[in-house]
Amino acid sequence: MIVKLGYKLSKGRFNLNVELELPETGISVLYGHSGCGKTTLLRCVAGLEKEADGHFSIGNEVWDNPKTKLKPHKRAIGYVFQEPSLFSHLSVKDNLDYGIKRSIHASKESLNEAISVLGIEHLLDQKPEALSGGEAQRVGIARALALNPKILLFDEPLASLDDNRKREILPYLKRVKRQLSIPMLYVTHAAPEVAMLADHVVVMNEGRVVSSDSLAASLSNESSPLKLNGEISTVLTGQVTEIDKHWHLACLSIYDQKLWLPDAKLSIGDEVRVQILSKDIGLANSAGDASFQNVLKAEIVAINEGEHPSQAIVKAAAGEHAFMVMVTKRALANLALGVGSQVLLQVKSVAIHS
Ligand SMILES: Nc1ncnc2c1ncn2[C@@H]1O[C@H](COP(=O)(O)OP(=O)(O)OP(=O)(O)O)[C@@H](O)[C@H]1O
């Protein structure tokens, strides 16, 4: 059920011209500066841009091609906006019922499943005014899921929430991603959301696609790594295999090696995503008497220029994982390191996105 799409559209001085193939499941993040066309692209997929010229198919189902332009209400889409826009005079339950009555794809089962995935059973009798911003957005997401969509579109769903509310809602988005095997297109500017949720990243600029690749490949693209908040980094996903209660550390198995993290109430078997900034990894030839808890064996596979002439960006592979490391060129020369060298990666600190 691969998603294939391509659209051309002019709006004043803005021109959208994209061609994409996206994975059949998981979250594909649309990332790029304000005004690069992310919302316009979502609107094309939803059939809301009447002037758009293009094609869209999901598996064998065609919604747009030169001969077809399916009406928006016939597309099995769930659309989540920045603001959930619930009817204030209706209870949460009536808001949800209102949505499914108007959909040809929704069912009682899809509604019940949506309520359970978003954990909003206890809110059903409330009026929207009684909900926090995070709860209201959970209802907004449930309303989209209840429509039994073949694709979910998220347009900056957390942008209007404060950091605490964002933290509260992210686990539900992860749950949606785990439980639904449908593609999701997710617009965001926020680096933590990309690091935590993205499986695939589409970088856009001025109406065009700059790159479209898995999160890992986008971050470790030698010629132009994706920068989250302006930083080159590595994101790894692994399972917790050990807990050191005494030192409050949890161990993530990476390939056949170990990465120790501050224990954030993790349990053995939990799947954890971590982000390591390129400036938080050091290189060494041999293990010294250092304070680093994490020393991983790797091989240098590429060396590129950093932003400053003193810097180099080293790509080092440990098993299937590629680590991006920022070092000074002088350090590389002093250690006599080049492409093909075996090195030790000394990881200083890690942000956990579990
Ligand atoms: N009706 C319109 N007429 C002319 N230009 C428009 C119109 N609607 C949108 N645009 C322009 O189209 C471009 C793309 O807008 P769009 O909202 O898709 O960008 P975006 O990447 O989603 O931005 P943001 O992250 O700020 O939401 C912008 O430059 C915008 O100014």
# chains A, B, ... in the order shown; residues from 1 in each chain; ligands from 1
$ residues_around --residues "range 115-121 of chain A" --least-positions-apart "2" --cutoff "7 Å" --atoms "only C-alpha atoms" --output "list of chain:residue names"
A:Leu111, A:Asn112, A:Glu113, A:Leu123, A:Leu124, A:Arg138, A:Ala142, A:Tyr172, A:Arg175, A:Val176
$ write_last_selection --atoms "N, CA and C atoms" --output "mmCIF file, in the first residue's frame"
data_model
loop_
_atom_site.group_PDB
_atom_site.id
_atom_site.type_symbol
_atom_site.label_atom_id
_atom_site.label_comp_id
_atom_site.auth_asym_id
_atom_site.auth_seq_id
_atom_site.Cartn_x
_atom_site.Cartn_y
_atom_site.Cartn_z
ATOM 1 N N LEU A 111 -14.954 4.214 15.978
ATOM 2 C CA LEU A 111 -15.094 5.247 17.007
ATOM 3 C C LEU A 111 -14.630 4.706 18.365
ATOM 4 N N ASN A 112 -15.083 3.498 18.705
ATOM 5 C CA ASN A 112 -14.702 2.924 20.007
ATOM 6 C C ASN A 112 -13.200 2.710 20.091
ATOM 7 N N GLU A 113 -12.608 2.252 18.997
ATOM 8 C CA GLU A 113 -11.159 2.028 18.999
ATOM 9 C C GLU A 113 -10.421 3.360 19.183
ATOM 10 N N LEU A 123 -13.628 11.407 29.402
ATOM 11 C CA LEU A 123 -13.933 12.788 28.996
ATOM 12 C C LEU A 123 -15.223 12.884 28.177
ATOM 13 N N LEU A 124 -15.830 11.719 27.881
ATOM 14 C CA LEU A 124 -16.916 11.707 26.892
ATOM 15 C C LEU A 124 -18.094 12.619 27.247
ATOM 16 N N ARG A 138 -6.441 15.572 22.078
ATOM 17 C CA ARG A 138 -6.637 14.112 22.036
ATOM 18 C C ARG A 138 -8.011 13.784 21.456
ATOM 19 N N ALA A 142 -8.797 11.692 18.125
ATOM 20 C CA ALA A 142 -9.763 10.582 18.146
ATOM 21 C C ALA A 142 -10.820 10.790 17.061
ATOM 22 N N TYR A 172 0.540 9.463 23.302
ATOM 23 C CA TYR A 172 -0.655 9.032 22.576
ATOM 24 C C TYR A 172 -0.393 8.987 21.078
ATOM 25 N N ARG A 175 1.367 5.907 20.407
ATOM 26 C CA ARG A 175 0.430 4.790 20.464
ATOM 27 C C ARG A 175 -0.363 4.682 19.155
ATOM 28 N N VAL A 176 -0.806 5.833 18.643
ATOM 29 C CA VAL A 176 -1.537 5.847 17.369
ATOM 30 C C VAL A 176 -0.666 5.229 16.287
#
$ residues_near_ligand --ligand "ligand 1" --cutoff "12 Å" --atoms "only C-alpha atoms and all ligand atoms" --output "MDAnalysis selection string"
chainID A and resid 9:17 30:44 49:51 81:82 154:157 159 186:190 202:209
$ write_last_selection --atoms "N, CA and C atoms" --output "tab-separated table (two decimals), in the first residue's frame"
chain	number	residue	atom	x	y	z
A	9	LEU	N	1.04	23.18	-8.37
A	9	LEU	CA	0.03	24.19	-8.05
A	9	LEU	C	0.71	25.55	-7.91
A	10	SER	N	0.09	26.58	-8.48
A	10	SER	CA	0.60	27.94	-8.29
A	10	SER	C	-0.40	28.74	-7.48
A	11	LYS	N	0.13	29.48	-6.50
A	11	LYS	CA	-0.71	30.37	-5.67
A	11	LYS	C	0.02	31.68	-5.61
A	12	GLY	N	-0.38	32.65	-6.37
A	12	GLY	CA	0.37	33.91	-6.43
A	12	GLY	C	1.79	33.62	-6.88
A	13	ARG	N	2.75	34.05	-6.05
A	13	ARG	CA	4.15	33.85	-6.44
A	13	ARG	C	4.69	32.49	-5.99
A	14	PHE	N	3.85	31.74	-5.26
A	14	PHE	CA	4.31	30.45	-4.74
A	14	PHE	C	3.98	29.31	-5.72
A	15	ASN	N	4.98	28.47	-5.97
A	15	ASN	CA	4.76	27.31	-6.85
A	15	ASN	C	5.08	26.03	-6.10
A	16	LEU	N	4.10	25.14	-6.04
A	16	LEU	CA	4.33	23.81	-5.46
A	16	LEU	C	4.62	22.86	-6.61
A	17	ASN	N	5.66	22.05	-6.46
A	17	ASN	CA	5.99	21.06	-7.49
A	17	ASN	C	6.68	19.89	-6.80
A	30	LEU	N	6.73	16.08	7.29
A	30	LEU	CA	7.05	17.13	6.31
A	30	LEU	C	7.72	18.24	7.10
A	31	TYR	N	8.95	18.53	6.75
A	31	TYR	CA	9.78	19.45	7.54
A	31	TYR	C	10.30	20.54	6.62
A	32	GLY	N	10.27	21.77	7.08
A	32	GLY	CA	10.80	22.85	6.25
A	32	GLY	C	10.36	24.20	6.79
A	33	HIS	N	10.99	25.25	6.26
A	33	HIS	CA	10.71	26.60	6.75
A	33	HIS	C	9.25	26.97	6.54
A	34	SER	N	8.81	27.95	7.31
A	34	SER	CA	7.47	28.48	7.14
A	34	SER	C	7.28	28.95	5.71
A	35	GLY	N	6.16	28.57	5.12
A	35	GLY	CA	5.85	29.03	3.77
A	35	GLY	C	6.41	28.14	2.67
A	36	CYS	N	7.02	27.01	3.01
A	36	CYS	CA	7.61	26.16	1.96
A	36	CYS	C	6.57	25.27	1.29
A	37	GLY	N	5.36	25.23	1.83
A	37	GLY	CA	4.28	24.53	1.13
A	37	GLY	C	3.79	23.26	1.81
A	38	LYS	N	4.11	23.08	3.08
A	38	LYS	CA	3.74	21.83	3.75
A	38	LYS	C	2.20	21.71	3.87
A	39	THR	N	1.57	22.79	4.35
A	39	THR	CA	0.11	22.75	4.51
A	39	THR	C	-0.57	22.61	3.15
A	40	THR	N	-0.03	23.31	2.16
A	40	THR	CA	-0.61	23.24	0.81
A	40	THR	C	-0.57	21.80	0.31
A	41	LEU	N	0.52	21.09	0.59
A	41	LEU	CA	0.63	19.70	0.15
A	41	LEU	C	-0.42	18.83	0.85
A	42	LEU	N	-0.59	19.02	2.16
A	42	LEU	CA	-1.63	18.26	2.87
A	42	LEU	C	-3.01	18.55	2.26
A	43	ARG	N	-3.25	19.81	1.96
A	43	ARG	CA	-4.55	20.19	1.39
A	43	ARG	C	-4.77	19.54	0.02
A	44	CYS	N	-3.70	19.40	-0.74
A	44	CYS	CA	-3.80	18.71	-2.04
A	44	CYS	C	-4.24	17.27	-1.82
A	49	GLU	N	-7.48	21.52	-2.61
A	49	GLU	CA	-6.91	22.51	-3.54
A	49	GLU	C	-7.44	22.20	-4.94
A	50	LYS	N	-8.51	22.93	-5.31
A	50	LYS	CA	-9.21	22.61	-6.57
A	50	LYS	C	-8.31	22.78	-7.79
A	51	GLU	N	-7.37	23.74	-7.71
A	51	GLU	CA	-6.54	24.04	-8.88
A	51	GLU	C	-5.34	23.10	-9.01
A	81	PHE	N	-5.82	19.19	12.91
A	81	PHE	CA	-5.31	20.55	12.77
A	81	PHE	C	-4.65	21.01	14.07
A	82	GLN	N	-4.02	22.18	13.98
A	82	GLN	CA	-3.38	22.76	15.17
A	82	GLN	C	-4.39	22.94	16.30
A	154	PHE	N	-1.62	15.24	9.73
A	154	PHE	CA	-1.47	16.06	10.94
A	154	PHE	C	-0.82	17.39	10.54
A	155	ASP	N	-1.48	18.51	10.82
A	155	ASP	CA	-0.87	19.80	10.50
A	155	ASP	C	-0.47	20.50	11.80
A	156	GLU	N	0.78	20.35	12.19
A	156	GLU	CA	1.32	20.92	13.42
A	156	GLU	C	0.38	20.71	14.62
A	157	PRO	N	0.08	19.45	14.94
A	157	PRO	CA	-0.96	19.20	15.95
A	157	PRO	C	-0.59	19.65	17.36
A	159	ALA	N	1.47	22.43	17.94
A	159	ALA	CA	2.08	23.76	17.89
A	159	ALA	C	1.46	24.74	18.88
A	186	TYR	N	2.81	14.15	8.60
A	186	TYR	CA	2.82	14.95	9.83
A	186	TYR	C	3.67	16.19	9.61
A	187	VAL	N	3.02	17.34	9.60
A	187	VAL	CA	3.74	18.61	9.42
A	187	VAL	C	4.21	19.14	10.76
A	188	THR	N	5.49	19.44	10.86
A	188	THR	CA	5.99	20.08	12.08
A	188	THR	C	7.27	20.86	11.80
A	189	HIS	N	7.52	21.85	12.67
A	189	HIS	CA	8.79	22.58	12.67
A	189	HIS	C	9.64	22.10	13.83
A	190	ALA	N	9.02	21.29	14.73
A	190	ALA	CA	9.63	21.03	16.04
A	190	ALA	C	10.58	19.83	15.99
A	202	VAL	N	10.52	14.12	4.97
A	202	VAL	CA	10.53	14.83	3.69
A	202	VAL	C	10.93	16.26	4.01
A	203	VAL	N	12.09	16.69	3.51
A	203	VAL	CA	12.51	18.08	3.73
A	203	VAL	C	12.06	18.88	2.51
A	204	MET	N	11.32	19.97	2.78
A	204	MET	CA	10.82	20.81	1.68
A	204	MET	C	11.45	22.19	1.73
A	205	ASN	N	11.56	22.79	0.55
A	205	ASN	CA	12.03	24.17	0.45
A	205	ASN	C	11.39	24.81	-0.76
A	206	GLU	N	10.76	25.95	-0.57
A	206	GLU	CA	10.13	26.71	-1.65
A	206	GLU	C	9.31	25.85	-2.60
A	207	GLY	N	8.44	25.05	-2.01
A	207	GLY	CA	7.50	24.27	-2.82
A	207	GLY	C	8.06	23.01	-3.42
A	208	ARG	N	9.32	22.70	-3.12
A	208	ARG	CA	9.95	21.49	-3.70
A	208	ARG	C	10.46	20.57	-2.62
A	209	VAL	N	10.65	19.31	-3.03
A	209	VAL	CA	11.21	18.33	-2.10
A	209	VAL	C	12.73	18.37	-2.21
$ closest_residue --among "A:Gly338, A:Pro149, A:Gly319, A:Gly6" --to "Gly54 in chain A" --atoms "only C-alpha atoms"
A:Gly6
$ select_by_dssp --residues "range 48-209 of chain A" --states "strand (DSSP E)" --output "ChimeraX atom specification"
/A:53-58,61-65,68-69,77-80,151-155,183-187,200-205,208-209
$ residues_around --residues "Glu61 in chain A" --least-positions-apart "6" --cutoff "12 Å" --atoms "only C-alpha atoms" --output "JSON, numbers by chain"
{"A": [1, 2, 3, 4, 5, 55, 68, 70, 74, 75, 76, 150, 151]}
$ write_last_selection --atoms "N, CA and C atoms" --output "mmCIF file, in the first residue's frame"
data_model
loop_
_atom_site.group_PDB
_atom_site.id
_atom_site.type_symbol
_atom_site.label_atom_id
_atom_site.label_comp_id
_atom_site.auth_asym_id
_atom_site.auth_seq_id
_atom_site.Cartn_x
_atom_site.Cartn_y
_atom_site.Cartn_z
ATOM 1 N N MET A 1 0.840 -1.214 0.000
ATOM 2 C CA MET A 1 0.000 0.000 0.000
ATOM 3 C C MET A 1 0.866 1.252 0.000
ATOM 4 N N ILE A 2 1.862 1.239 -0.841
ATOM 5 C CA ILE A 2 2.745 2.400 -0.874
ATOM 6 C C ILE A 2 1.957 3.647 -1.316
ATOM 7 N N VAL A 3 2.349 4.804 -0.803
ATOM 8 C CA VAL A 3 1.670 6.057 -1.155
ATOM 9 C C VAL A 3 2.494 6.757 -2.238
ATOM 10 N N LYS A 4 1.851 7.010 -3.373
ATOM 11 C CA LYS A 4 2.551 7.745 -4.437
ATOM 12 C C LYS A 4 1.789 9.030 -4.695
ATOM 13 N N LEU A 5 2.506 10.132 -4.718
ATOM 14 C CA LEU A 5 1.807 11.389 -4.977
ATOM 15 C C LEU A 5 2.705 12.382 -5.706
ATOM 16 N N HIS A 55 -1.322 13.674 -9.093
ATOM 17 C CA HIS A 55 -1.784 12.292 -8.893
ATOM 18 C C HIS A 55 -1.591 11.906 -7.435
ATOM 19 N N THR A 68 -9.178 11.644 -12.815
ATOM 20 C CA THR A 68 -9.955 11.486 -11.576
ATOM 21 C C THR A 68 -9.629 12.595 -10.596
ATOM 22 N N LEU A 70 -11.181 12.789 -6.859
ATOM 23 C CA LEU A 70 -12.184 12.361 -5.898
ATOM 24 C C LEU A 70 -12.568 13.534 -5.007
ATOM 25 N N LYS A 74 -15.161 11.982 -0.124
ATOM 26 C CA LYS A 74 -15.062 10.566 -0.523
ATOM 27 C C LYS A 74 -13.685 9.990 -0.192
ATOM 28 N N ARG A 75 -12.753 10.848 0.199
ATOM 29 C CA ARG A 75 -11.407 10.380 0.543
ATOM 30 C C ARG A 75 -11.400 9.916 1.998
ATOM 31 N N ALA A 76 -10.891 8.706 2.232
ATOM 32 C CA ALA A 76 -10.846 8.188 3.611
ATOM 33 C C ALA A 76 -9.644 8.800 4.324
ATOM 34 N N LYS A 150 -7.729 5.917 5.660
ATOM 35 C CA LYS A 150 -6.645 5.155 5.005
ATOM 36 C C LYS A 150 -5.340 5.918 5.135
ATOM 37 N N ILE A 151 -5.437 7.217 5.419
ATOM 38 C CA ILE A 151 -4.238 8.033 5.671
ATOM 39 C C ILE A 151 -4.615 9.102 6.700
#
$ closest_residue --among "A:Glu271, A:Tyr255, A:Arg143, A:Pro262" --to "Gln239 in chain A" --atoms "only C-alpha atoms"
A:Glu271
